[in-house]
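Q: Before I ask anything, here is the structure I am working with.
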Amino acid sequence: MRIATDVFERHLPPLAADEAERHALVEAVLRFGREIAFAAASVYAGAAETRGAWDARLEALVVDAVVRGPRADGGTEDALVSRAAALGWDPAAAVRVVVGTPTGTQAEMLGELRRHAVRAGRSVLVGVQGNRLILLLSEPAAGPEHGAGHGAGHGGIGPLLDRFGPGPVVLGPVADDLASAHCSARDALSGLRAAPGWPGAPRPVAADDLLPERALAGDATAHRRLVETVVTPLETAGGELLHTLATYLEGGGALEACARALFVHPNTVRYRLRRVSDLTARNPADPRDSLVLRTALVAARLGTDRGLAEPA
């Protein structure tokens with residue numbers, strides 16, 4: 001078309017018999033070029049729209065596959081990796097799932113999320129499922145330690161928070177790769193459902209910081225993690241740590257009353273509570289941490305193969 005237009009511009013006007021005919025030929029060539037330009041623009045716009053719709057559908061399928069988790073036959077994992085690779089995502093990259101509520105116009109919101117992620121040097125896949133906004137956010141090489149829980153950093157997602165609607169924003173733990181990201185999605189979505197139980201929760205809040213609320217909401221994974229991170233280390237350490245913690249918490253956090261109940265000196269109780277804090281990263285004197293510790297004790301007592309044995 002470029003060659004044809006160049007030939008018309010060079011050779012048609014000189015064929016005119018007079019100035020009026022020359023003017024008509026020049027105008028015809030210009031009109032021809034304009035129509036060709038608009039036709040080409042329409043073709044490219046249609047192709048871009050089709051590709052954008054295809055990418056959006058592919059992205060939605062990837063996010064949905066992560067949320068649903070793997071199938072028993074393993075087919076979902078293969079399809080997930082293939083689809084993510086088609087979108088330019090590195091399936092081997094560490095990933096964190098972030099969930100909250102959407103806000104504003106969907107197209108504008110998704111565009112802003114992607115721009116913020118690119119500026120932060122991350123890849124992002126976005127899905128909107130009803131009133132849930134789900135982000136799959138790649139973790140930088142120097143990001144937080146995989147699987148970080150209580151006290152973990154928020155992975156520098158601050159600029160993305162403005163794109164979420166009102167309400168809690170929950171961070172799942174970092175997964176090693178896209179194939180294992182369903183665990184992060186499971187914890188994040190469980191945390192989002194349980195977040196109303198902690199009105200004062202920070203924004204964003206890590207899913208592992210919502211373990212008591214998740215356990216009360218019936219999340220078996222939260223039950224297990226509470227026992228593994230609190231009760232198991234204290235049992236392994238032996239001594240009177242577990243019994244001292246239970247007595248201290250059930251006595252309302254009164255140090256002297258706990259010492260009298262255990263027939264020990266208050267300094268012994270202080271030492272044991274410091275050991276509890278060292279082993280669990282939870283301070284029994286802190287109101288929030290004491291809730292986590294108490295819920296862990298209850299979860300252990302409710303376990304079918306566990307119990308808090310009284311000291312001999």
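Ordering of the structure tokens sets the chain letters (A, B, ...), residue numbers begin anew at 1 in every chain, and ligands are numbered from 1 in the order given.
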Please identify all polymer residues within 12 Å of Gly167 of chain A, counting only C-alpha atoms, omitting same-chain residues fewer than 4 positions from it, and present them as a ChimeraX atom specification.

A: /A:99-103,131-133,161-163,192-193,195-196,198-205

Q: Show which residues sit within 8 Å of segment 208-222 of chain A, as a count of residues only. Count only C-alpha atoms, and ignore same-chain residues fewer than 2 positions away.

A: 23

Q: Can you tell me, as a PyMOL selection string, what residues are no more than 10 Å from segment 178-181 of chain A when counting only C-alpha atoms, ignoring any on the same chain fewer than 2 positions away?

A: chain A and resi 62-63+65-67+69-70+76-78+80-81+84+89-97+136+138+172-176+183-186

Q: Could you save those same residues with N, CA and C atoms as a JSON list (two decimals), in the first residue's frame?

A:
```json
[["chain", "number", "residue", "atom", "x", "y", "z"],
["A", 62, "VAL", "N", -5.70, -18.17, 35.02],
["A", 62, "VAL", "CA", -4.55, -18.43, 35.89],
["A", 62, "VAL", "C", -4.90, -18.12, 37.35],
["A", 63, "VAL", "N", -5.50, -16.96, 37.58],
["A", 63, "VAL", "CA", -5.87, -16.58, 38.95],
["A", 63, "VAL", "C", -6.88, -17.58, 39.52],
["A", 65, "ALA", "N", -7.27, -20.71, 38.69],
["A", 65, "ALA", "CA", -6.60, -21.98, 38.95],
["A", 65, "ALA", "C", -5.81, -21.92, 40.26],
["A", 66, "VAL", "N", -5.18, -20.79, 40.54],
["A", 66, "VAL", "CA", -4.44, -20.64, 41.79],
["A", 66, "VAL", "C", -5.39, -20.68, 42.98],
["A", 67, "VAL", "N", -6.54, -20.01, 42.86],
["A", 67, "VAL", "CA", -7.50, -19.97, 43.96],
["A", 67, "VAL", "C", -8.10, -21.35, 44.21],
["A", 69, "GLY", "N", -6.77, -24.31, 43.44],
["A", 69, "GLY", "CA", -5.78, -25.30, 43.85],
["A", 69, "GLY", "C", -5.66, -26.42, 42.84],
["A", 70, "PRO", "N", -4.71, -27.32, 43.06],
["A", 70, "PRO", "CA", -4.43, -28.38, 42.09],
["A", 70, "PRO", "C", -5.52, -29.44, 42.08],
["A", 76, "THR", "N", -4.16, -29.39, 36.38],
["A", 76, "THR", "CA", -4.25, -27.95, 36.58],
["A", 76, "THR", "C", -2.87, -27.31, 36.63],
["A", 77, "GLU", "N", -1.90, -27.99, 37.25],
["A", 77, "GLU", "CA", -0.56, -27.42, 37.38],
["A", 77, "GLU", "C", 0.08, -27.22, 36.01],
["A", 78, "ASP", "N", -0.03, -28.20, 35.13],
["A", 78, "ASP", "CA", 0.56, -28.07, 33.81],
["A", 78, "ASP", "C", -0.09, -26.93, 33.03],
["A", 80, "LEU", "N", -1.65, -24.38, 34.28],
["A", 80, "LEU", "CA", -1.33, -23.13, 34.96],
["A", 80, "LEU", "C", 0.02, -22.58, 34.51],
["A", 81, "VAL", "N", 1.03, -23.44, 34.49],
["A", 81, "VAL", "CA", 2.37, -23.02, 34.09],
["A", 81, "VAL", "C", 2.36, -22.55, 32.64],
["A", 84, "ALA", "N", 0.45, -19.12, 32.34],
["A", 84, "ALA", "CA", 1.22, -18.03, 32.94],
["A", 84, "ALA", "C", 2.41, -17.66, 32.07],
["A", 89, "TRP", "N", 4.80, -14.43, 32.51],
["A", 89, "TRP", "CA", 5.12, -14.66, 33.91],
["A", 89, "TRP", "C", 6.14, -15.79, 34.03],
["A", 90, "ASP", "N", 7.10, -15.63, 34.90],
["A", 90, "ASP", "CA", 8.08, -16.68, 35.17],
["A", 90, "ASP", "C", 7.48, -17.66, 36.18],
["A", 91, "PRO", "N", 7.10, -18.85, 35.76],
["A", 91, "PRO", "CA", 6.44, -19.79, 36.69],
["A", 91, "PRO", "C", 7.31, -20.19, 37.86],
["A", 92, "ALA", "N", 8.62, -20.03, 37.75],
["A", 92, "ALA", "CA", 9.53, -20.41, 38.83],
["A", 92, "ALA", "C", 9.73, -19.28, 39.85],
["A", 93, "ALA", "N", 9.20, -18.09, 39.57],
["A", 93, "ALA", "CA", 9.40, -16.96, 40.47],
["A", 93, "ALA", "C", 8.58, -17.15, 41.74],
["A", 94, "ALA", "N", 9.13, -16.70, 42.88],
["A", 94, "ALA", "CA", 8.36, -16.71, 44.12],
["A", 94, "ALA", "C", 7.18, -15.75, 43.99],
["A", 95, "VAL", "N", 6.08, -16.09, 44.64],
["A", 95, "VAL", "CA", 4.85, -15.31, 44.46],
["A", 95, "VAL", "C", 4.13, -15.18, 45.79],
["A", 96, "ARG", "N", 3.50, -14.04, 45.97],
["A", 96, "ARG", "CA", 2.66, -13.78, 47.14],
["A", 96, "ARG", "C", 1.26, -13.42, 46.65],
["A", 97, "VAL", "N", 0.25, -13.97, 47.29],
["A", 97, "VAL", "CA", -1.13, -13.66, 46.93],
["A", 97, "VAL", "C", -1.66, -12.59, 47.88],
["A", 136, "LEU", "N", -1.76, -11.75, 42.22],
["A", 136, "LEU", "CA", -0.61, -12.64, 42.29],
["A", 136, "LEU", "C", 0.61, -11.77, 42.01],
["A", 138, "SER", "N", 4.68, -11.17, 42.05],
["A", 138, "SER", "CA", 5.99, -11.82, 42.12],
["A", 138, "SER", "C", 6.84, -11.16, 43.19],
["A", 172, "GLY", "N", -1.05, -13.27, 51.79],
["A", 172, "GLY", "CA", -0.71, -14.67, 52.00],
["A", 172, "GLY", "C", 0.78, -14.82, 52.16],
["A", 173, "PRO", "N", 1.25, -15.94, 52.70],
["A", 173, "PRO", "CA", 2.70, -16.17, 52.80],
["A", 173, "PRO", "C", 3.32, -16.32, 51.42],
["A", 174, "VAL", "N", 4.61, -16.10, 51.33],
["A", 174, "VAL", "CA", 5.32, -16.21, 50.06],
["A", 174, "VAL", "C", 5.42, -17.68, 49.67],
["A", 175, "ALA", "N", 5.00, -18.00, 48.45],
["A", 175, "ALA", "CA", 5.12, -19.36, 47.91],
["A", 175, "ALA", "C", 6.36, -19.44, 47.03],
["A", 176, "ASP", "N", 6.93, -20.62, 46.95],
["A", 176, "ASP", "CA", 8.18, -20.80, 46.20],
["A", 176, "ASP", "C", 8.00, -20.55, 44.71],
["A", 183, "CYS", "N", -1.46, -22.40, 48.09],
["A", 183, "CYS", "CA", -1.37, -22.36, 49.56],
["A", 183, "CYS", "C", -1.43, -20.92, 50.06],
["A", 184, "SER", "N", -0.73, -20.02, 49.37],
["A", 184, "SER", "CA", -0.77, -18.61, 49.73],
["A", 184, "SER", "C", -2.18, -18.05, 49.53],
["A", 185, "ALA", "N", -2.83, -18.44, 48.42],
["A", 185, "ALA", "CA", -4.20, -17.97, 48.16],
["A", 185, "ALA", "C", -5.16, -18.49, 49.21],
["A", 186, "ARG", "N", -5.01, -19.75, 49.59],
["A", 186, "ARG", "CA", -5.89, -20.34, 50.61],
["A", 186, "ARG", "C", -5.80, -19.57, 51.92]]
```

Q: Residues within 10 Å of Ala259 of chain A, please, as a list in words. Count only C-alpha atoms; anything in the same chain fewer than 3 positions from it doesn't count.

A: Thr244, Thr247, Tyr248, Ala254, Leu255, Glu256, Leu262, Phe263, Val264, His265, Pro266, Asn267, Thr268, Val269 and Arg270 of chain A

Q: Those selected residues, please, written with C-alpha atoms and delivered as a CSV table (one decimal), in the first residue's frame.

A:
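Wrote result-v6.csv, looks like this:
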```csv
chain,number,residue,atom,x,y,z
A,244,THR,CA,3.1,-22.2,83.3
A,247,THR,CA,-1.8,-21.1,84.3
A,248,TYR,CA,-0.7,-17.5,83.6
A,254,ALA,CA,-1.5,-11.9,87.0
A,255,LEU,CA,2.2,-12.8,87.7
A,256,GLU,CA,1.8,-13.2,91.5
A,262,LEU,CA,2.4,-23.1,90.8
A,263,PHE,CA,4.0,-22.9,94.2
A,264,VAL,CA,7.1,-21.2,92.7
A,265,HIS,CA,8.8,-17.8,93.1
A,266,PRO,CA,7.5,-15.0,90.8
A,267,ASN,CA,11.0,-14.7,89.2
A,268,THR,CA,10.6,-18.4,88.1
A,269,VAL,CA,7.4,-17.4,86.4
A,270,ARG,CA,9.1,-14.5,84.7
```

Q: Enumerate, as a PyMOL selection string, the complete set of residues in segment 94-219 of chain A that a backbone-based DSSP assignment places in alpha helix (DSSP H).

A: chain A and resi 106-119+181-194+211-216

Q: Identify all residues of segment 70-216 of chain A in strand (DSSP E) (DSSP on the backbone) and supply them as a PyMOL selection string.

A: chain A and resi 95-100+124-129+132-138+170-171+205-206

Q: Work out how far apart atom CA of Ala60 of chain A and atom CA of Leu125 of chain A are and give it in Å to one decimal.

A: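 So the answer is 8.3 Å.
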
Q: Would you mind telling me which residue in A:Ala86, A:Ala257, A:Val231, A:Ala24 lies nearest to Arg282 of chain A when using only C-alpha atoms?

A: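 Checking each candidate against Arg282 of chain A, we get A:Val231 as the closest.
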